[in-house]
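S.K.: Below: one structure in structure tokens.
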Amino acid sequence: MTAPAVTVLGLGAMGSAIATRLRDNGFTTTVWNRTAAKTEPHVEAGSTAAATVAEAVNASDIVLVVLLDHHSVREQLDPVAAQLKKTVVVNLTTTTPNQARETAAWAAEHGIHYVDGAIMAVPSMIGDPSARLLYSGDENGYATAQAVLETLGTTEFTGEDPGLASLKDMALLSAMDLMILGYVQAIAMMRTAGTPAVETAAEVEAWLAAMLPHGKELAAIVDGGTYDTGGQSVDFDRFGIASLITASREQGIRADFLEPHQKLLEELAAAGHGDSDWIRVIERLTIH
Ligand code: NDP
């Protein structure tokens, strides 16, 4: 069976890595980039450059879109909707879940097989199993493109809701962001005692590694839904967090990252949930 032809729209850092990987794996690649000069090294390496998006999408039945954001994707794809009919479009551009759903609805109107993707990797990881790529949307479209997508890293089809891949990506990135803020807080506090940042970072790493497995126990309480397991309570935790905030300020360090947690715990206590498992804070996150 001959390898399918693939078009890559967008040759920024990520699109370039993807086009290179596909070419190295024997796929016939057509590339397009707004700034045409970026196609030159790819043409030298064996890809075909398309002068327009229309020309690029006509060249292949599988089109990978690796542009900056949702706006740039729609700006480039909307005018070629008719040419994309029956094509598998895999949008690897980072978008929000609702943006993915919006593009999927547009694609469905035009008979396009739309798969939304989220890349959990940096360009240098593309092609390595450590690169995790999430996909959701048109399952048949995913199956058609699977052999292509599997060359980019470890793939996971998260479901037919086109927003799911993005949702998981954003959820995991949120977890990372909040965890890194923890590093920042600890480093800021310990710097007041002259401890170098790298030393505190190593301590934080060991501490978090020991604590992380308990996350699953908290998750089980959330799934249980009653918050009455007798674990660490809202009242216990709100005094704990108050100490952290006070200690931080005593050292001349702002506690802005910690204050939202305290606020949620105080809300729970005020609502009569002081005895609940503290993880009940998750219920306060829902916007009503
Ligand atoms: P770059 O900034 O390197 O490249 C952006 C690309 O988008 C360029 O090809 C640029 O074209 C193009 N572009 C921007 N605006 C428009 C527009 N209006 N019309 C047409 N093309 C446009 O970004 P990356 O390649 O790093 O990222 C691409 C996507 O991959 C992003 O959504 C990013 O979030 C995602 N991603 C990137 C990761 C990374 O580590 N780099 C990690 C995970 C996801 P031009 O060359 O003409 O400016």
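Residue names in the structure tokens use chain letters A, B, ... in the order shown, residue numbers from 1 in each chain, and ligand numbers from 1 in the order shown.
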With a cut-off of 6 Å, could you pull out the residues of chain A touching ligand 1 and give me the nearest pair of atoms for each, distance in Å to one decimal, using only C-alpha atoms and all ligand atoms, ordered by chain and ascending number, as a tab-separated table?
M.R.:
```
residue	atom	partner	partner_atom_place_in_ligand_line	distance
A:Gly10	CA	ligand 1	9 (O)	3.9
A:Leu11	CA	ligand 1	9 (O)	4.2
A:Gly12	CA	ligand 1	4 (O)	3.3
A:Ala13	CA	ligand 1	25 (O)	3.9
A:Met14	CA	ligand 1	25 (O)	3.6
A:Gly15	CA	ligand 1	25 (O)	5.1
A:Asn33	CA	ligand 1	9 (O)	5.5
A:Arg34	CA	ligand 1	47 (O)	3.9
A:Thr35	CA	ligand 1	47 (O)	3.8
A:Val66	CA	ligand 1	29 (C)	5.0
A:Leu67	CA	ligand 1	7 (O)	3.7
A:Leu68	CA	ligand 1	7 (O)	3.9
A:Asp69	CA	ligand 1	32 (O)	5.0
A:Ser72	CA	ligand 1	18 (N)	3.9
A:Thr93	CA	ligand 1	32 (O)	3.6
A:Thr94	CA	ligand 1	32 (O)	3.8
A:Ile119	CA	ligand 1	43 (C)	4.7
A:Met120	CA	ligand 1	43 (C)	5.6
A:Ala121	CA	ligand 1	42 (C)	5.3
A:Val122	CA	ligand 1	40 (O)	3.7
A:Pro123	CA	ligand 1	40 (O)	5.5
```
S.K.: Please produce, as a Markdown table, a per-residue contact table for range 136-253 of chain A versus range 104-113 of chain A (criterion: any atom at most 8 Å away, only C-alpha atoms considered), showing the nearest atom pair and its distance in Å to one decimal, sorted by chain then residue number.
M.R.:
```
| residue | atom | partner | partner_atom | distance |
| --- | --- | --- | --- | --- |
| A:Gly137 | CA | A:Ala104 | CA | 7.5 |
| A:Asp138 | CA | A:His113 | CA | 6.0 |
| A:Asn140 | CA | A:His113 | CA | 7.8 |
| A:Gly141 | CA | A:His113 | CA | 5.3 |
| A:Pro162 | CA | A:Ala104 | CA | 6.6 |
```
S.K.: Within 9 Å of Gly117 in chain A, counting only C-alpha atoms, which residues qualify if same-chain residues fewer than 3 places away don't, as number ranges by chain?
M.R.: A: 90-94, 100, 133-137, 162, 165-166
S.K.: What parts of range 10-259 of chain A does DSSP call strand (DSSP E or B)? I'd like the answer as a PDB file with all heavy atoms, in the first residue's frame.
M.R.:
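This went into result_33.pdb:
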```pdb
ATOM      1  N   THR A  29       4.671  14.883   0.779  1.00  0.00           N
ATOM      2  CA  THR A  29       4.160  16.052   1.503  1.00  0.00           C
ATOM      3  C   THR A  29       4.082  17.291   0.622  1.00  0.00           C
ATOM      4  O   THR A  29       4.995  17.589  -0.149  1.00  0.00           O
ATOM      5  CB  THR A  29       5.061  16.389   2.721  1.00  0.00           C
ATOM      6  OG1 THR A  29       6.411  16.452   2.272  1.00  0.00           O
ATOM      7  CG2 THR A  29       4.947  15.348   3.823  1.00  0.00           C
ATOM      8  N   THR A  30       2.964  17.990   0.798  1.00  0.00           N
ATOM      9  CA  THR A  30       2.807  19.315   0.184  1.00  0.00           C
ATOM     10  C   THR A  30       2.723  20.298   1.336  1.00  0.00           C
ATOM     11  O   THR A  30       2.009  20.047   2.320  1.00  0.00           O
ATOM     12  CB  THR A  30       1.520  19.380  -0.662  1.00  0.00           C
ATOM     13  OG1 THR A  30       1.633  18.426  -1.716  1.00  0.00           O
ATOM     14  CG2 THR A  30       1.312  20.774  -1.248  1.00  0.00           C
ATOM     15  N   VAL A  31       3.464  21.372   1.234  1.00  0.00           N
ATOM     16  CA  VAL A  31       3.485  22.333   2.337  1.00  0.00           C
ATOM     17  C   VAL A  31       3.049  23.714   1.852  1.00  0.00           C
ATOM     18  O   VAL A  31       3.266  24.081   0.695  1.00  0.00           O
ATOM     19  CB  VAL A  31       4.895  22.432   2.985  1.00  0.00           C
ATOM     20  CG1 VAL A  31       5.256  21.137   3.684  1.00  0.00           C
ATOM     21  CG2 VAL A  31       5.959  22.808   1.953  1.00  0.00           C
ATOM     22  N   TRP A  32       2.415  24.439   2.758  1.00  0.00           N
ATOM     23  CA  TRP A  32       2.067  25.835   2.482  1.00  0.00           C
ATOM     24  C   TRP A  32       2.349  26.639   3.743  1.00  0.00           C
ATOM     25  O   TRP A  32       2.128  26.163   4.869  1.00  0.00           O
ATOM     26  CB  TRP A  32       0.580  25.984   2.128  1.00  0.00           C
ATOM     27  CG  TRP A  32       0.183  27.434   2.028  1.00  0.00           C
ATOM     28  CD1 TRP A  32       0.283  28.236   0.928  1.00  0.00           C
ATOM     29  CD2 TRP A  32      -0.350  28.260   3.073  1.00  0.00           C
ATOM     30  NE1 TRP A  32      -0.133  29.511   1.229  1.00  0.00           N
ATOM     31  CE2 TRP A  32      -0.540  29.559   2.543  1.00  0.00           C
ATOM     32  CE3 TRP A  32      -0.666  28.037   4.411  1.00  0.00           C
ATOM     33  CZ2 TRP A  32      -1.035  30.620   3.288  1.00  0.00           C
ATOM     34  CZ3 TRP A  32      -1.163  29.091   5.164  1.00  0.00           C
ATOM     35  CH2 TRP A  32      -1.353  30.373   4.599  1.00  0.00           C
ATOM     36  N   THR A  48       6.722  19.364  -1.738  1.00  0.00           N
ATOM     37  CA  THR A  48       6.256  20.266  -2.785  1.00  0.00           C
ATOM     38  C   THR A  48       5.650  21.481  -2.113  1.00  0.00           C
ATOM     39  O   THR A  48       4.855  21.325  -1.171  1.00  0.00           O
ATOM     40  CB  THR A  48       5.176  19.571  -3.645  1.00  0.00           C
ATOM     41  OG1 THR A  48       5.745  18.384  -4.187  1.00  0.00           O
ATOM     42  CG2 THR A  48       4.692  20.476  -4.769  1.00  0.00           C
ATOM     43  N   ALA A  49       6.004  22.662  -2.565  1.00  0.00           N
ATOM     44  CA  ALA A  49       5.412  23.880  -1.991  1.00  0.00           C
ATOM     45  C   ALA A  49       4.190  24.277  -2.813  1.00  0.00           C
ATOM     46  O   ALA A  49       4.225  24.251  -4.040  1.00  0.00           O
ATOM     47  CB  ALA A  49       6.434  25.004  -1.991  1.00  0.00           C
ATOM     48  N   ILE A  62      -5.505  14.181   3.027  1.00  0.00           N
ATOM     49  CA  ILE A  62      -5.318  14.433   4.459  1.00  0.00           C
ATOM     50  C   ILE A  62      -4.590  15.766   4.605  1.00  0.00           C
ATOM     51  O   ILE A  62      -3.504  15.964   4.032  1.00  0.00           O
ATOM     52  CB  ILE A  62      -4.503  13.301   5.125  1.00  0.00           C
ATOM     53  CG1 ILE A  62      -5.263  11.969   5.004  1.00  0.00           C
ATOM     54  CG2 ILE A  62      -4.195  13.632   6.590  1.00  0.00           C
ATOM     55  CD1 ILE A  62      -4.479  10.763   5.471  1.00  0.00           C
ATOM     56  N   VAL A  63      -5.203  16.677   5.348  1.00  0.00           N
ATOM     57  CA  VAL A  63      -4.615  18.014   5.535  1.00  0.00           C
ATOM     58  C   VAL A  63      -4.383  18.259   7.021  1.00  0.00           C
ATOM     59  O   VAL A  63      -5.323  18.184   7.818  1.00  0.00           O
ATOM     60  CB  VAL A  63      -5.559  19.111   4.959  1.00  0.00           C
ATOM     61  CG1 VAL A  63      -5.027  20.502   5.287  1.00  0.00           C
ATOM     62  CG2 VAL A  63      -5.731  18.935   3.453  1.00  0.00           C
ATOM     63  N   LEU A  64      -3.142  18.502   7.383  1.00  0.00           N
ATOM     64  CA  LEU A  64      -2.823  18.840   8.770  1.00  0.00           C
ATOM     65  C   LEU A  64      -2.678  20.355   8.870  1.00  0.00           C
ATOM     66  O   LEU A  64      -1.959  20.968   8.073  1.00  0.00           O
ATOM     67  CB  LEU A  64      -1.514  18.172   9.229  1.00  0.00           C
ATOM     68  CG  LEU A  64      -1.397  16.657   9.052  1.00  0.00           C
ATOM     69  CD1 LEU A  64      -0.128  16.144   9.767  1.00  0.00           C
ATOM     70  CD2 LEU A  64      -2.609  15.923   9.599  1.00  0.00           C
ATOM     71  N   VAL A  65      -3.367  20.933   9.842  1.00  0.00           N
ATOM     72  CA  VAL A  65      -3.349  22.391  10.000  1.00  0.00           C
ATOM     73  C   VAL A  65      -2.584  22.725  11.270  1.00  0.00           C
ATOM     74  O   VAL A  65      -2.951  22.274  12.358  1.00  0.00           O
ATOM     75  CB  VAL A  65      -4.787  22.952  10.088  1.00  0.00           C
ATOM     76  CG1 VAL A  65      -4.766  24.473  10.101  1.00  0.00           C
ATOM     77  CG2 VAL A  65      -5.639  22.433   8.930  1.00  0.00           C
ATOM     78  N   VAL A  88      -9.953  14.751   4.920  1.00  0.00           N
ATOM     79  CA  VAL A  88      -9.757  14.646   6.368  1.00  0.00           C
ATOM     80  C   VAL A  88      -8.890  15.833   6.792  1.00  0.00           C
ATOM     81  O   VAL A  88      -7.743  15.959   6.352  1.00  0.00           O
ATOM     82  CB  VAL A  88      -9.060  13.323   6.762  1.00  0.00           C
ATOM     83  CG1 VAL A  88      -8.788  13.296   8.264  1.00  0.00           C
ATOM     84  CG2 VAL A  88      -9.919  12.130   6.349  1.00  0.00           C
ATOM     85  N   VAL A  89      -9.474  16.698   7.605  1.00  0.00           N
ATOM     86  CA  VAL A  89      -8.723  17.858   8.115  1.00  0.00           C
ATOM     87  C   VAL A  89      -8.409  17.601   9.583  1.00  0.00           C
ATOM     88  O   VAL A  89      -9.311  17.417  10.397  1.00  0.00           O
ATOM     89  CB  VAL A  89      -9.540  19.161   7.969  1.00  0.00           C
ATOM     90  CG1 VAL A  89      -8.834  20.322   8.666  1.00  0.00           C
ATOM     91  CG2 VAL A  89      -9.757  19.486   6.500  1.00  0.00           C
ATOM     92  N   VAL A  90      -7.123  17.561   9.886  1.00  0.00           N
ATOM     93  CA  VAL A  90      -6.702  17.374  11.280  1.00  0.00           C
ATOM     94  C   VAL A  90      -6.124  18.706  11.739  1.00  0.00           C
ATOM     95  O   VAL A  90      -5.071  19.130  11.264  1.00  0.00           O
ATOM     96  CB  VAL A  90      -5.648  16.253  11.412  1.00  0.00           C
ATOM     97  CG1 VAL A  90      -5.284  16.046  12.878  1.00  0.00           C
ATOM     98  CG2 VAL A  90      -6.162  14.949  10.803  1.00  0.00           C
ATOM     99  N   ASN A  91      -6.834  19.342  12.644  1.00  0.00           N
ATOM    100  CA  ASN A  91      -6.394  20.666  13.098  1.00  0.00           C
ATOM    101  C   ASN A  91      -5.569  20.528  14.380  1.00  0.00           C
ATOM    102  O   ASN A  91      -6.101  20.289  15.455  1.00  0.00           O
ATOM    103  CB  ASN A  91      -7.613  21.555  13.334  1.00  0.00           C
ATOM    104  CG  ASN A  91      -7.217  22.970  13.710  1.00  0.00           C
ATOM    105  OD1 ASN A  91      -6.050  23.352  13.574  1.00  0.00           O
ATOM    106  ND2 ASN A  91      -8.168  23.736  14.195  1.00  0.00           N
ATOM    107  N   HIS A 113     -14.300  15.898   6.824  1.00  0.00           N
ATOM    108  CA  HIS A 113     -14.067  15.005   7.977  1.00  0.00           C
ATOM    109  C   HIS A 113     -13.109  15.718   8.931  1.00  0.00           C
ATOM    110  O   HIS A 113     -11.914  15.783   8.685  1.00  0.00           O
ATOM    111  CB  HIS A 113     -13.454  13.678   7.512  1.00  0.00           C
ATOM    112  CG  HIS A 113     -14.344  12.933   6.580  1.00  0.00           C
ATOM    113  ND1 HIS A 113     -15.500  12.319   6.983  1.00  0.00           N
ATOM    114  CD2 HIS A 113     -14.265  12.727   5.241  1.00  0.00           C
ATOM    115  CE1 HIS A 113     -16.100  11.765   5.950  1.00  0.00           C
ATOM    116  NE2 HIS A 113     -15.367  12.005   4.878  1.00  0.00           N
ATOM    117  N   TYR A 114     -13.662  16.229  10.024  1.00  0.00           N
ATOM    118  CA  TYR A 114     -12.848  17.088  10.898  1.00  0.00           C
ATOM    119  C   TYR A 114     -12.394  16.375  12.165  1.00  0.00           C
ATOM    120  O   TYR A 114     -13.199  15.839  12.926  1.00  0.00           O
ATOM    121  CB  TYR A 114     -13.648  18.328  11.296  1.00  0.00           C
ATOM    122  CG  TYR A 114     -12.850  19.295  12.131  1.00  0.00           C
ATOM    123  CD1 TYR A 114     -11.893  20.112  11.547  1.00  0.00           C
ATOM    124  CD2 TYR A 114     -13.018  19.355  13.510  1.00  0.00           C
ATOM    125  CE1 TYR A 114     -11.141  20.990  12.307  1.00  0.00           C
ATOM    126  CE2 TYR A 114     -12.268  20.235  14.287  1.00  0.00           C
ATOM    127  CZ  TYR A 114     -11.332  21.046  13.671  1.00  0.00           C
ATOM    128  OH  TYR A 114     -10.580  21.908  14.431  1.00  0.00           O
ATOM    129  N   VAL A 115     -11.099  16.397  12.360  1.00  0.00           N
ATOM    130  CA  VAL A 115     -10.504  15.840  13.578  1.00  0.00           C
ATOM    131  C   VAL A 115      -9.760  16.977  14.266  1.00  0.00           C
ATOM    132  O   VAL A 115      -8.968  17.680  13.624  1.00  0.00           O
ATOM    133  CB  VAL A 115      -9.512  14.695  13.249  1.00  0.00           C
ATOM    134  CG1 VAL A 115      -8.880  14.140  14.518  1.00  0.00           C
ATOM    135  CG2 VAL A 115     -10.214  13.589  12.465  1.00  0.00           C
ATOM    136  N   ASP A 116     -10.037  17.169  15.533  1.00  0.00           N
ATOM    137  CA  ASP A 116      -9.317  18.214  16.256  1.00  0.00           C
ATOM    138  C   ASP A 116      -8.196  17.569  17.071  1.00  0.00           C
ATOM    139  O   ASP A 116      -8.405  16.539  17.708  1.00  0.00           O
ATOM    140  CB  ASP A 116     -10.258  18.983  17.186  1.00  0.00           C
ATOM    141  CG  ASP A 116      -9.682  20.342  17.518  1.00  0.00           C
ATOM    142  OD1 ASP A 116      -9.868  21.264  16.701  1.00  0.00           O
ATOM    143  OD2 ASP A 116      -9.009  20.467  18.555  1.00  0.00           O
ATOM    144  N   GLY A 117      -7.042  18.190  17.039  1.00  0.00           N
ATOM    145  CA  GLY A 117      -5.905  17.601  17.742  1.00  0.00           C
ATOM    146  C   GLY A 117      -5.304  18.551  18.761  1.00  0.00           C
ATOM    147  O   GLY A 117      -5.491  19.764  18.676  1.00  0.00           O
ATOM    148  N   ALA A 118      -4.638  17.989  19.738  1.00  0.00           N
ATOM    149  CA  ALA A 118      -3.901  18.785  20.728  1.00  0.00           C
ATOM    150  C   ALA A 118      -2.544  18.123  20.917  1.00  0.00           C
ATOM    151  O   ALA A 118      -2.463  16.905  21.119  1.00  0.00           O
ATOM    152  CB  ALA A 118      -4.669  18.834  22.046  1.00  0.00           C
ATOM    153  N   ILE A 119      -1.506  18.926  20.830  1.00  0.00           N
ATOM    154  CA  ILE A 119      -0.145  18.383  20.894  1.00  0.00           C
ATOM    155  C   ILE A 119       0.434  18.618  22.277  1.00  0.00           C
ATOM    156  O   ILE A 119       0.623  19.765  22.686  1.00  0.00           O
ATOM    157  CB  ILE A 119       0.777  19.079  19.860  1.00  0.00           C
ATOM    158  CG1 ILE A 119       0.152  19.016  18.468  1.00  0.00           C
ATOM    159  CG2 ILE A 119       2.174  18.452  19.865  1.00  0.00           C
ATOM    160  CD1 ILE A 119       0.890  19.868  17.435  1.00  0.00           C
ATOM    161  N   MET A 120       0.727  17.537  22.974  1.00  0.00           N
ATOM    162  CA  MET A 120       1.350  17.682  24.286  1.00  0.00           C
ATOM    163  C   MET A 120       2.838  17.365  24.132  1.00  0.00           C
ATOM    164  O   MET A 120       3.322  16.310  24.543  1.00  0.00           O
ATOM    165  CB  MET A 120       0.667  16.752  25.287  1.00  0.00           C
ATOM    166  CG  MET A 120      -0.836  16.992  25.301  1.00  0.00           C
ATOM    167  SD  MET A 120      -1.615  16.592  26.831  1.00  0.00           S
ATOM    168  CE  MET A 120      -0.761  17.651  27.960  1.00  0.00           C
ATOM    169  N   ARG A 132       2.926  13.239  23.102  1.00  0.00           N
ATOM    170  CA  ARG A 132       1.560  12.714  23.223  1.00  0.00           C
ATOM    171  C   ARG A 132       0.634  13.623  22.426  1.00  0.00           C
ATOM    172  O   ARG A 132       0.646  14.840  22.611  1.00  0.00           O
ATOM    173  CB  ARG A 132       1.185  12.697  24.700  1.00  0.00           C
ATOM    174  CG  ARG A 132      -0.106  11.997  24.988  1.00  0.00           C
ATOM    175  CD  ARG A 132      -0.263  11.794  26.500  1.00  0.00           C
ATOM    176  NE  ARG A 132      -1.563  11.248  26.762  1.00  0.00           N
ATOM    177  CZ  ARG A 132      -2.351  11.645  27.759  1.00  0.00           C
ATOM    178  NH1 ARG A 132      -1.954  12.590  28.590  1.00  0.00           N
ATOM    179  NH2 ARG A 132      -3.519  11.085  27.939  1.00  0.00           N
ATOM    180  N   LEU A 133      -0.131  13.011  21.533  1.00  0.00           N
ATOM    181  CA  LEU A 133      -1.056  13.808  20.722  1.00  0.00           C
ATOM    182  C   LEU A 133      -2.472  13.279  20.919  1.00  0.00           C
ATOM    183  O   LEU A 133      -2.721  12.078  20.787  1.00  0.00           O
ATOM    184  CB  LEU A 133      -0.661  13.755  19.247  1.00  0.00           C
ATOM    185  CG  LEU A 133       0.661  14.486  18.938  1.00  0.00           C
ATOM    186  CD1 LEU A 133       1.837  13.547  18.908  1.00  0.00           C
ATOM    187  CD2 LEU A 133       0.562  15.246  17.629  1.00  0.00           C
ATOM    188  N   LEU A 134      -3.366  14.186  21.280  1.00  0.00           N
ATOM    189  CA  LEU A 134      -4.752  13.825  21.562  1.00  0.00           C
ATOM    190  C   LEU A 134      -5.630  14.223  20.379  1.00  0.00           C
ATOM    191  O   LEU A 134      -5.407  15.286  19.783  1.00  0.00           O
ATOM    192  CB  LEU A 134      -5.237  14.571  22.815  1.00  0.00           C
ATOM    193  CG  LEU A 134      -4.329  14.508  24.046  1.00  0.00           C
ATOM    194  CD1 LEU A 134      -4.846  15.444  25.129  1.00  0.00           C
ATOM    195  CD2 LEU A 134      -4.233  13.075  24.556  1.00  0.00           C
ATOM    196  N   TYR A 135      -6.605  13.377  20.079  1.00  0.00           N
ATOM    197  CA  TYR A 135      -7.498  13.682  18.954  1.00  0.00           C
ATOM    198  C   TYR A 135      -8.948  13.449  19.349  1.00  0.00           C
ATOM    199  O   TYR A 135      -9.241  12.546  20.144  1.00  0.00           O
ATOM    200  CB  TYR A 135      -7.172  12.778  17.757  1.00  0.00           C
ATOM    201  CG  TYR A 135      -5.771  12.991  17.244  1.00  0.00           C
ATOM    202  CD1 TYR A 135      -4.743  12.122  17.611  1.00  0.00           C
ATOM    203  CD2 TYR A 135      -5.467  14.074  16.431  1.00  0.00           C
ATOM    204  CE1 TYR A 135      -3.440  12.336  17.167  1.00  0.00           C
ATOM    205  CE2 TYR A 135      -4.178  14.290  15.982  1.00  0.00           C
ATOM    206  CZ  TYR A 135      -3.164  13.414  16.357  1.00  0.00           C
ATOM    207  OH  TYR A 135      -1.898  13.635  15.921  1.00  0.00           O
ATOM    208  N   SER A 136      -9.849  14.243  18.763  1.00  0.00           N
ATOM    209  CA  SER A 136     -11.273  13.992  18.963  1.00  0.00           C
ATOM    210  C   SER A 136     -12.029  14.492  17.743  1.00  0.00           C
ATOM    211  O   SER A 136     -11.488  15.254  16.935  1.00  0.00           O
ATOM    212  CB  SER A 136     -11.763  14.692  20.234  1.00  0.00           C
ATOM    213  OG  SER A 136     -11.443  16.065  20.200  1.00  0.00           O
ATOM    214  N   GLY A 137     -13.262  14.027  17.613  1.00  0.00           N
ATOM    215  CA  GLY A 137     -14.073  14.452  16.473  1.00  0.00           C
ATOM    216  C   GLY A 137     -14.484  13.280  15.615  1.00  0.00           C
ATOM    217  O   GLY A 137     -14.893  12.242  16.133  1.00  0.00           O
ATOM    218  N   THR A 154       2.839   9.367  20.296  1.00  0.00           N
ATOM    219  CA  THR A 154       1.818   8.475  20.842  1.00  0.00           C
ATOM    220  C   THR A 154       0.459   9.143  20.678  1.00  0.00           C
ATOM    221  O   THR A 154       0.276  10.283  21.098  1.00  0.00           O
ATOM    222  CB  THR A 154       2.103   8.219  22.339  1.00  0.00           C
ATOM    223  OG1 THR A 154       3.419   7.674  22.442  1.00  0.00           O
ATOM    224  CG2 THR A 154       1.106   7.254  22.930  1.00  0.00           C
ATOM    225  N   THR A 155      -0.461   8.435  20.039  1.00  0.00           N
ATOM    226  CA  THR A 155      -1.757   9.058  19.740  1.00  0.00           C
ATOM    227  C   THR A 155      -2.856   8.493  20.631  1.00  0.00           C
ATOM    228  O   THR A 155      -2.796   7.347  21.059  1.00  0.00           O
ATOM    229  CB  THR A 155      -2.175   8.822  18.272  1.00  0.00           C
ATOM    230  OG1 THR A 155      -2.337   7.426  18.081  1.00  0.00           O
ATOM    231  CG2 THR A 155      -1.166   9.364  17.311  1.00  0.00           C
ATOM    232  N   GLU A 156      -3.847   9.314  20.870  1.00  0.00           N
ATOM    233  CA  GLU A 156      -4.991   8.882  21.680  1.00  0.00           C
ATOM    234  C   GLU A 156      -6.243   9.545  21.102  1.00  0.00           C
ATOM    235  O   GLU A 156      -6.283  10.764  20.966  1.00  0.00           O
ATOM    236  CB  GLU A 156      -4.768   9.328  23.130  1.00  0.00           C
ATOM    237  CG  GLU A 156      -5.900   8.956  24.058  1.00  0.00           C
ATOM    238  CD  GLU A 156      -5.680   9.537  25.474  1.00  0.00           C
ATOM    239  OE1 GLU A 156      -4.514   9.615  25.928  1.00  0.00           O
ATOM    240  OE2 GLU A 156      -6.689   9.932  26.081  1.00  0.00           O
ATOM    241  N   PHE A 157      -7.248   8.711  20.766  1.00  0.00           N
ATOM    242  CA  PHE A 157      -8.528   9.266  20.315  1.00  0.00           C
ATOM    243  C   PHE A 157      -9.411   9.405  21.539  1.00  0.00           C
ATOM    244  O   PHE A 157      -9.777   8.406  22.162  1.00  0.00           O
ATOM    245  CB  PHE A 157      -9.163   8.366  19.251  1.00  0.00           C
ATOM    246  CG  PHE A 157     -10.403   8.973  18.661  1.00  0.00           C
ATOM    247  CD1 PHE A 157     -10.318  10.007  17.740  1.00  0.00           C
ATOM    248  CD2 PHE A 157     -11.656   8.534  19.059  1.00  0.00           C
ATOM    249  CE1 PHE A 157     -11.461  10.589  17.209  1.00  0.00           C
ATOM    250  CE2 PHE A 157     -12.804   9.107  18.528  1.00  0.00           C
ATOM    251  CZ  PHE A 157     -12.702  10.139  17.601  1.00  0.00           C
ATOM    252  N   THR A 158      -9.749  10.633  21.908  1.00  0.00           N
ATOM    253  CA  THR A 158     -10.437  10.845  23.189  1.00  0.00           C
ATOM    254  C   THR A 158     -11.957  10.786  23.077  1.00  0.00           C
ATOM    255  O   THR A 158     -12.632  10.700  24.100  1.00  0.00           O
ATOM    256  CB  THR A 158     -10.037  12.200  23.820  1.00  0.00           C
ATOM    257  OG1 THR A 158     -10.338  13.227  22.879  1.00  0.00           O
ATOM    258  CG2 THR A 158      -8.583  12.259  24.171  1.00  0.00           C
ATOM    259  N   GLY A 159     -12.503  10.846  21.866  1.00  0.00           N
ATOM    260  CA  GLY A 159     -13.954  10.744  21.730  1.00  0.00           C
ATOM    261  C   GLY A 159     -14.485  11.584  20.583  1.00  0.00           C
ATOM    262  O   GLY A 159     -13.750  12.340  19.954  1.00  0.00           O
ATOM    263  N   SER A 233     -10.419  17.967  56.881  1.00  0.00           N
ATOM    264  CA  SER A 233     -11.671  18.722  56.711  1.00  0.00           C
ATOM    265  C   SER A 233     -11.417  20.147  56.195  1.00  0.00           C
ATOM    266  O   SER A 233     -10.294  20.653  56.215  1.00  0.00           O
ATOM    267  CB  SER A 233     -12.406  18.807  58.043  1.00  0.00           C
ATOM    268  OG  SER A 233     -11.668  19.654  58.918  1.00  0.00           O
TER     269      SER A 233
END
```
S.K.: Measuring atom to atom with only C-alpha atoms, identify which of A:Ala271, A:Ala220, A:Ala5, A:Leu244 is nearest to Asp256 in chain A.
M.R.: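 So, comparing all the options, the nearest one is A:Leu244.
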S.K.: With distances taken over only C-alpha atoms, which residue among A:Gly153, A:Arg191, A:Arg249, A:Tyr183 lies nearest Ala206 in chain A?
M.R.: A:Tyr183
S.K.: Let's see if you can do this: from backbone DSSP, list all helix (DSSP H, G or I) residues in range 4-234 of chain A, as a PyMOL selection string.
M.R.: chain A and resi 13-24+36-44+53-58+70-80+97-109+123-125+139-150+164-191+197-224+234
S.K.: In Å to one decimal, how far is CA of Tyr142 in chain A from CA of Val57 in chain A?
M.R.: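 Computed distance, CA of Val57 in chain A to CA of Tyr142 in chain A, equals 17.4 Å.
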S.K.: Any idea what the distance is between CA of Arg254 in chain A and CA of Ala188 in chain A?
M.R.: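 Taking CA of Arg254 in chain A as the start and CA of Ala188 in chain A as the end point, the length is 9.1 Å.
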S.K.: Closest to Pro97 in chain A among A:Arg21, A:Lys168, A:Arg74, A:Lys38, using only C-alpha atoms?
M.R.: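 Using only C-alpha atoms, the shortest distance to Pro97 in chain A belongs to A:Lys168.
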S.K.: In Å to one decimal, how far is CA of Ala269 in chain A from CA of Ala186 in chain A?
M.R.: 26.8 Å
S.K.: Just the residues within 10 Å of Leu258 in chain A, please, counting only C-alpha atoms, with nothing from its chain fewer than 2 positions along; format it as a list in words.
M.R.: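 So, after excluding close chain neighbours, the residues are Leu181, Gly182, Gln185, Ile241, Ala242, Leu244, Ile245, Ser248, Arg254, Ala255, Asp256, Pro260, His261, Gln262 and Lys263 of chain A.
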